[in-house]
>>> print(open('protein.txt').read())   # compact mmCIF, C-alpha atoms
# COMPACT_ATOMS: atom_id res chain seq x y z
CA MET A 1 82.73 86.48 39.52
CA ALA A 2 81.19 89.51 37.81
CA VAL A 3 84.08 91.69 39.03
CA LYS A 4 86.65 89.35 37.46
CA ASN A 5 84.74 89.38 34.18
CA ASP A 6 84.56 93.17 34.25
CA ARG A 7 88.32 93.42 34.94
CA GLY A 8 88.96 91.09 32.02
CA THR A 9 86.76 93.24 29.78
CA VAL A 10 88.60 96.40 30.87
CA GLU A 11 91.99 94.80 30.21
CA TYR A 12 90.85 93.61 26.80
CA ASP A 13 89.55 97.06 25.92
CA GLN A 14 92.83 98.65 27.08
CA ILE A 15 94.78 96.34 24.76
CA GLN A 16 92.50 97.32 21.88
CA VAL A 17 93.08 101.02 22.62
CA ASP A 18 96.85 100.42 22.72
CA PHE A 19 96.66 98.96 19.21
CA CYS A 20 95.02 102.20 18.02
CA HIS A 21 98.28 104.12 18.46
CA ILE A 22 101.26 103.96 16.14
CA VAL A 23 104.59 104.34 17.90
CA ALA A 24 107.80 105.04 16.01
CA PRO A 25 110.91 102.99 16.76
CA ILE A 26 113.14 106.10 16.51
CA ALA A 27 112.96 109.74 17.56
CA GLY A 28 112.83 112.44 14.91
CA ARG A 29 110.57 114.70 12.91
CA VAL A 30 107.69 113.27 10.89
CA GLY A 31 107.16 114.58 7.37
CA LEU A 32 103.86 114.91 5.57
CA ARG A 33 101.53 111.96 5.95
CA LEU A 34 101.51 109.50 3.10
CA VAL A 35 98.09 107.97 3.83
CA ASP A 36 94.70 109.56 4.34
CA PRO A 37 91.82 108.74 6.67
CA GLY A 38 89.94 105.85 5.15
CA ASN A 39 92.98 104.12 3.63
CA VAL A 40 93.38 100.48 4.57
CA VAL A 41 96.66 99.88 6.41
CA GLN A 42 97.94 96.40 7.24
CA SER A 43 100.90 95.40 9.33
CA ALA A 44 102.21 93.12 6.56
CA GLY A 45 101.64 95.71 3.85
CA THR A 46 104.23 97.75 1.99
CA LEU A 47 102.42 101.07 2.39
CA VAL A 48 104.57 103.66 4.17
CA LEU A 49 102.61 105.75 6.68
CA ALA A 50 105.14 108.53 7.15
CA VAL A 51 108.83 109.32 6.79
CA ILE A 52 110.72 110.13 9.98
CA THR A 53 113.89 112.17 9.71
CA GLN A 54 116.31 111.33 12.48
CA LEU A 55 117.70 114.51 14.02
CA ASP A 56 120.19 113.23 16.57
CA PRO A 57 122.68 112.29 15.28
CA ILE A 58 122.21 113.73 11.82
CA THR A 59 124.49 113.66 8.81
CA VAL A 60 124.90 116.62 6.47
CA ILE A 61 126.22 116.58 2.92
CA PHE A 62 128.19 119.60 1.73
CA THR A 63 130.78 120.48 -0.90
CA ILE A 64 134.30 121.87 -0.85
CA PRO A 65 136.41 123.14 -3.76
CA GLU A 66 138.45 120.46 -5.53
CA ASP A 67 141.58 122.55 -4.82
CA SER A 68 141.10 121.70 -1.12
CA LEU A 69 140.81 117.97 -1.78
CA GLU A 70 144.45 116.96 -1.33
CA PRO A 71 145.05 118.72 2.04
CA VAL A 72 141.81 117.32 3.46
CA GLU A 73 142.54 113.79 2.22
CA ALA A 74 146.05 113.95 3.64
CA ARG A 75 144.72 114.87 7.09
CA LEU A 76 142.05 112.15 6.91
CA ARG A 77 144.66 109.53 5.97
CA LYS A 78 146.61 110.49 9.10
CA GLY A 79 143.48 109.84 11.19
CA ALA A 80 142.77 113.47 12.03
CA LYS A 81 139.27 114.37 13.21
CA LEU A 82 138.36 117.39 11.14
CA ALA A 83 135.84 119.80 12.69
CA VAL A 84 132.82 120.90 10.66
CA GLY A 85 130.60 123.88 11.45
CA VAL A 86 127.10 124.26 9.99
CA PHE A 87 125.84 127.81 9.50
CA ASP A 88 122.53 129.30 8.42
CA ARG A 89 122.04 130.70 4.90
CA SER A 90 123.39 134.08 5.91
CA ALA A 91 126.58 132.42 7.22
CA GLN A 92 126.16 134.44 10.41
CA THR A 93 124.74 131.96 12.92
CA GLN A 94 126.27 128.57 13.62
CA ILE A 95 123.50 125.97 13.78
CA SER A 96 125.55 122.93 14.75
CA SER A 97 129.00 121.39 14.66
CA GLY A 98 130.46 117.94 14.19
CA THR A 99 133.25 116.00 12.53
CA LEU A 100 133.98 115.02 8.94
CA LEU A 101 133.02 111.42 8.19
CA THR A 102 133.94 110.81 4.58
CA LEU A 103 134.29 112.28 1.12
CA ASP A 104 132.80 111.37 -2.24
CA ASN A 105 134.95 109.68 -4.85
CA GLN A 106 133.86 112.02 -7.67
CA ILE A 107 134.52 115.64 -8.53
CA ASP A 108 131.61 117.58 -9.99
CA THR A 109 133.19 118.97 -13.15
CA LEU A 110 130.49 121.65 -13.53
CA THR A 111 131.15 123.22 -10.14
CA GLY A 112 134.65 121.97 -9.34
CA THR A 113 133.52 120.67 -5.95
CA VAL A 114 133.67 117.41 -4.00
CA LYS A 115 130.84 116.20 -1.75
CA ARG A 116 131.60 115.60 1.92
CA ALA A 117 129.57 114.06 4.74
CA ALA A 118 129.75 115.14 8.37
CA ASP A 119 128.20 113.68 11.52
CA LEU A 120 126.58 116.30 13.74
CA ARG A 121 125.90 115.68 17.41
>>> encode(input="protein.txt", output="C-alpha cells")
Amino acid sequence: MAVKNDRGTVEYDQIQVDFCHIVAPIAGRVGLRLVDPGNVVQSAGTLVLAVITQLDPITVIFTIPEDSLEPVEARLRKGAKLAVGVFDRSAQTQISSGTLLTLDNQIDTLTGTVKRAADLR
C-alpha cells in the first residue's frame, strides 16, 4: 500500500513539474522577454510572455520600382510563379529564395516603389 501511495505522489509531482515549463505551439525564434521574474502570469490573462517569429516558412516584404509594376502584374495574372532571391546587405551572398506571393495596391509616391511579399522556404 505504501508503494502505491509513493507512486501516486511521484506521478503527482511529475505533473506539477510539467506545468512549470512553457511550450510554444510553433517553432521559431523568441524575441526579448516581455515579463520579468516575479510577474504574475495567468492562463486566462492577456499578458504576452514572448513573441515568437516563425522562420520556416517566412514571408519577406520588399519593394520594386513602379516602372516594373506592369510586367510583373502581367506575369502574375497569367499564373506565373516568379522566383525571388534574398541577399545580404552587401548584395553578395544569397540568404534564401522563394516565390512571389502578392503585391501591394499602393505606390509609394516618395520613393516610386511598390511593396511585394514573397514566401521563402
>>> residues_around(input="protein.txt", residues="segment 62-65 of chain A", least_positions_apart="3", cutoff="10 Å", atoms="all atoms listed in the file", output="VMD selection string")
chain A and resid 59 68 to 69 72 86 103 to 104 107 to 108 111 to 118
>>> axis_aligned_box(input="protein.txt", around="segment 32-48 of chain A", padding_each_side="3 Å", output="AutoDock Vina command-line options")
--center_x 97.3 --center_y 104.0 --center_z 5.7 --size_x 20.6 --size_y 27.8 --size_z 13.3
>>> atom_distance(input="protein.txt", atom1="atom CA of Glu66 of chain A", atom2="atom CA of Gly98 of chain A")
21.4 Å
>>> residues_near_point(input="protein.txt", point="(100.1, 108.3, 2.6)", cutoff="8 Å", atoms="all atoms listed in the file", output="list in words")
Arg33, Leu34, Val35, Asp36, Leu47, Val48, Leu49 and Ala50 of chain A
>>> closest_residue(input="protein.txt", among="A:Leu101, A:Ala27, A:Val3, A:Ile22", to="Asp56 of chain A", atoms="all atoms listed in the file")
A:Ala27
>>> atom_distance(input="protein.txt", atom1="atom CA of Ala74 of chain A", atom2="atom CA of Leu120 of chain A")
22.1 Å
>>> residues_around(input="protein.txt", residues="Ile52 of chain A", least_positions_apart="3", cutoff="7 Å", atoms="only C-alpha atoms", output="ChimeraX atom specification")
/A:28-31
>>> closest_residue(input="protein.txt", among="A:Val60, A:Cys20, A:Tyr12, A:Pro71", to="Val41 of chain A", atoms="all atoms listed in the file")
A:Cys20
>>> atom_distance(input="protein.txt", atom1="atom CA of Leu55 of chain A", atom2="atom CA of Thr99 of chain A")
15.7 Å
>>> residues_around(input="protein.txt", residues="Ser97 of chain A", least_positions_apart="2", cutoff="12 Å", atoms="only C-alpha atoms", output="list in words")
Pro57, Ile58, Thr59, Val60, Leu82, Ala83, Val84, Gly85, Val86, Phe87, Asp88, Thr93, Gln94, Ile95, Thr99, Leu100, Ala118, Asp119, Leu120 and Arg121 of chain A
>>> closest_residue(input="protein.txt", among="A:Lys81, A:Pro37, A:Ile26, A:Val10", to="Gln54 of chain A", atoms="all atoms listed in the file")
A:Ile26
>>> decode(input="protein.txt", residues="segment 38-58 of chain A", atoms="N, CA, C and O atoms", output="mmCIF file, in the first residue's frame")
data_model
loop_
_atom_site.group_PDB
_atom_site.id
_atom_site.type_symbol
_atom_site.label_atom_id
_atom_site.label_comp_id
_atom_site.auth_asym_id
_atom_site.auth_seq_id
_atom_site.Cartn_x
_atom_site.Cartn_y
_atom_site.Cartn_z
ATOM 1 N N GLY A 38 8.898 37.320 -11.078
ATOM 2 C CA GLY A 38 8.075 37.966 -10.061
ATOM 3 C C GLY A 38 6.744 38.453 -10.596
ATOM 4 O O GLY A 38 5.828 38.714 -9.823
ATOM 5 N N ASN A 39 6.614 38.600 -11.931
ATOM 6 C CA ASN A 39 5.318 38.980 -12.502
ATOM 7 C C ASN A 39 4.323 37.838 -12.338
ATOM 8 O O ASN A 39 4.692 36.670 -12.409
ATOM 9 N N VAL A 40 3.083 38.181 -12.128
ATOM 10 C CA VAL A 40 2.033 37.171 -12.021
ATOM 11 C C VAL A 40 1.511 36.892 -13.428
ATOM 12 O O VAL A 40 1.104 37.800 -14.146
ATOM 13 N N VAL A 41 1.532 35.625 -13.816
ATOM 14 C CA VAL A 41 1.079 35.206 -15.137
ATOM 15 C C VAL A 41 -0.048 34.200 -14.945
ATOM 16 O O VAL A 41 0.087 33.251 -14.188
ATOM 17 N N GLN A 42 -1.156 34.432 -15.639
ATOM 18 C CA GLN A 42 -2.307 33.533 -15.548
ATOM 19 C C GLN A 42 -2.662 33.029 -16.928
ATOM 20 O O GLN A 42 -2.514 33.750 -17.918
ATOM 21 N N SER A 43 -3.165 31.813 -16.970
ATOM 22 C CA SER A 43 -3.501 31.223 -18.268
ATOM 23 C C SER A 43 -4.614 31.980 -18.967
ATOM 24 O O SER A 43 -4.677 32.022 -20.189
ATOM 25 N N ALA A 44 -5.517 32.593 -18.222
ATOM 26 C CA ALA A 44 -6.628 33.329 -18.824
ATOM 27 C C ALA A 44 -6.296 34.808 -19.012
ATOM 28 O O ALA A 44 -7.122 35.570 -19.486
ATOM 29 N N GLY A 45 -5.088 35.203 -18.681
ATOM 30 C CA GLY A 45 -4.710 36.604 -18.783
ATOM 31 C C GLY A 45 -4.390 37.027 -20.200
ATOM 32 O O GLY A 45 -4.287 36.212 -21.119
ATOM 33 N N THR A 46 -4.217 38.325 -20.381
ATOM 34 C CA THR A 46 -3.904 38.867 -21.707
ATOM 35 C C THR A 46 -2.433 39.241 -21.830
ATOM 36 O O THR A 46 -2.016 39.744 -22.869
ATOM 37 N N LEU A 47 -1.655 38.993 -20.801
ATOM 38 C CA LEU A 47 -0.237 39.322 -20.798
ATOM 39 C C LEU A 47 0.520 38.405 -21.743
ATOM 40 O O LEU A 47 0.412 37.181 -21.663
ATOM 41 N N VAL A 48 1.275 38.971 -22.665
ATOM 42 C CA VAL A 48 2.070 38.196 -23.615
ATOM 43 C C VAL A 48 3.425 37.923 -22.984
ATOM 44 O O VAL A 48 4.096 38.844 -22.512
ATOM 45 N N LEU A 49 3.847 36.658 -22.971
ATOM 46 C CA LEU A 49 5.132 36.301 -22.374
ATOM 47 C C LEU A 49 6.294 36.615 -23.299
ATOM 48 O O LEU A 49 7.324 37.120 -22.880
ATOM 49 N N ALA A 50 6.138 36.288 -24.563
ATOM 50 C CA ALA A 50 7.207 36.492 -25.537
ATOM 51 C C ALA A 50 6.601 36.472 -26.938
ATOM 52 O O ALA A 50 5.503 35.952 -27.138
ATOM 53 N N VAL A 51 7.335 37.021 -27.878
ATOM 54 C CA VAL A 51 6.915 36.995 -29.281
ATOM 55 C C VAL A 51 7.821 36.013 -30.008
ATOM 56 O O VAL A 51 9.046 36.101 -29.923
ATOM 57 N N ILE A 52 7.207 35.066 -30.709
ATOM 58 C CA ILE A 52 7.962 34.069 -31.470
ATOM 59 C C ILE A 52 7.846 34.418 -32.942
ATOM 60 O O ILE A 52 6.745 34.561 -33.474
ATOM 61 N N THR A 53 8.981 34.545 -33.594
ATOM 62 C CA THR A 53 8.999 34.797 -35.029
ATOM 63 C C THR A 53 9.180 33.464 -35.743
ATOM 64 O O THR A 53 10.172 32.771 -35.542
ATOM 65 N N GLN A 54 8.194 33.113 -36.536
ATOM 66 C CA GLN A 54 8.263 31.870 -37.302
ATOM 67 C C GLN A 54 9.307 32.030 -38.390
ATOM 68 O O GLN A 54 9.332 33.033 -39.107
ATOM 69 N N LEU A 55 10.181 31.042 -38.542
ATOM 70 C CA LEU A 55 11.260 31.138 -39.518
ATOM 71 C C LEU A 55 11.070 30.231 -40.727
ATOM 72 O O LEU A 55 11.734 30.431 -41.742
ATOM 73 N N ASP A 56 10.194 29.240 -40.624
ATOM 74 C CA ASP A 56 10.037 28.325 -41.741
ATOM 75 C C ASP A 56 8.582 27.901 -41.861
ATOM 76 O O ASP A 56 8.109 27.153 -41.005
ATOM 77 N N PRO A 57 7.833 28.340 -42.824
ATOM 78 C CA PRO A 57 8.216 29.316 -43.845
ATOM 79 C C PRO A 57 8.174 30.732 -43.285
ATOM 80 O O PRO A 57 7.554 30.990 -42.265
ATOM 81 N N ILE A 58 8.821 31.630 -43.966
ATOM 82 C CA ILE A 58 8.851 33.030 -43.571
ATOM 83 C C ILE A 58 8.491 33.874 -44.789
ATOM 84 O O ILE A 58 8.774 33.490 -45.922
#
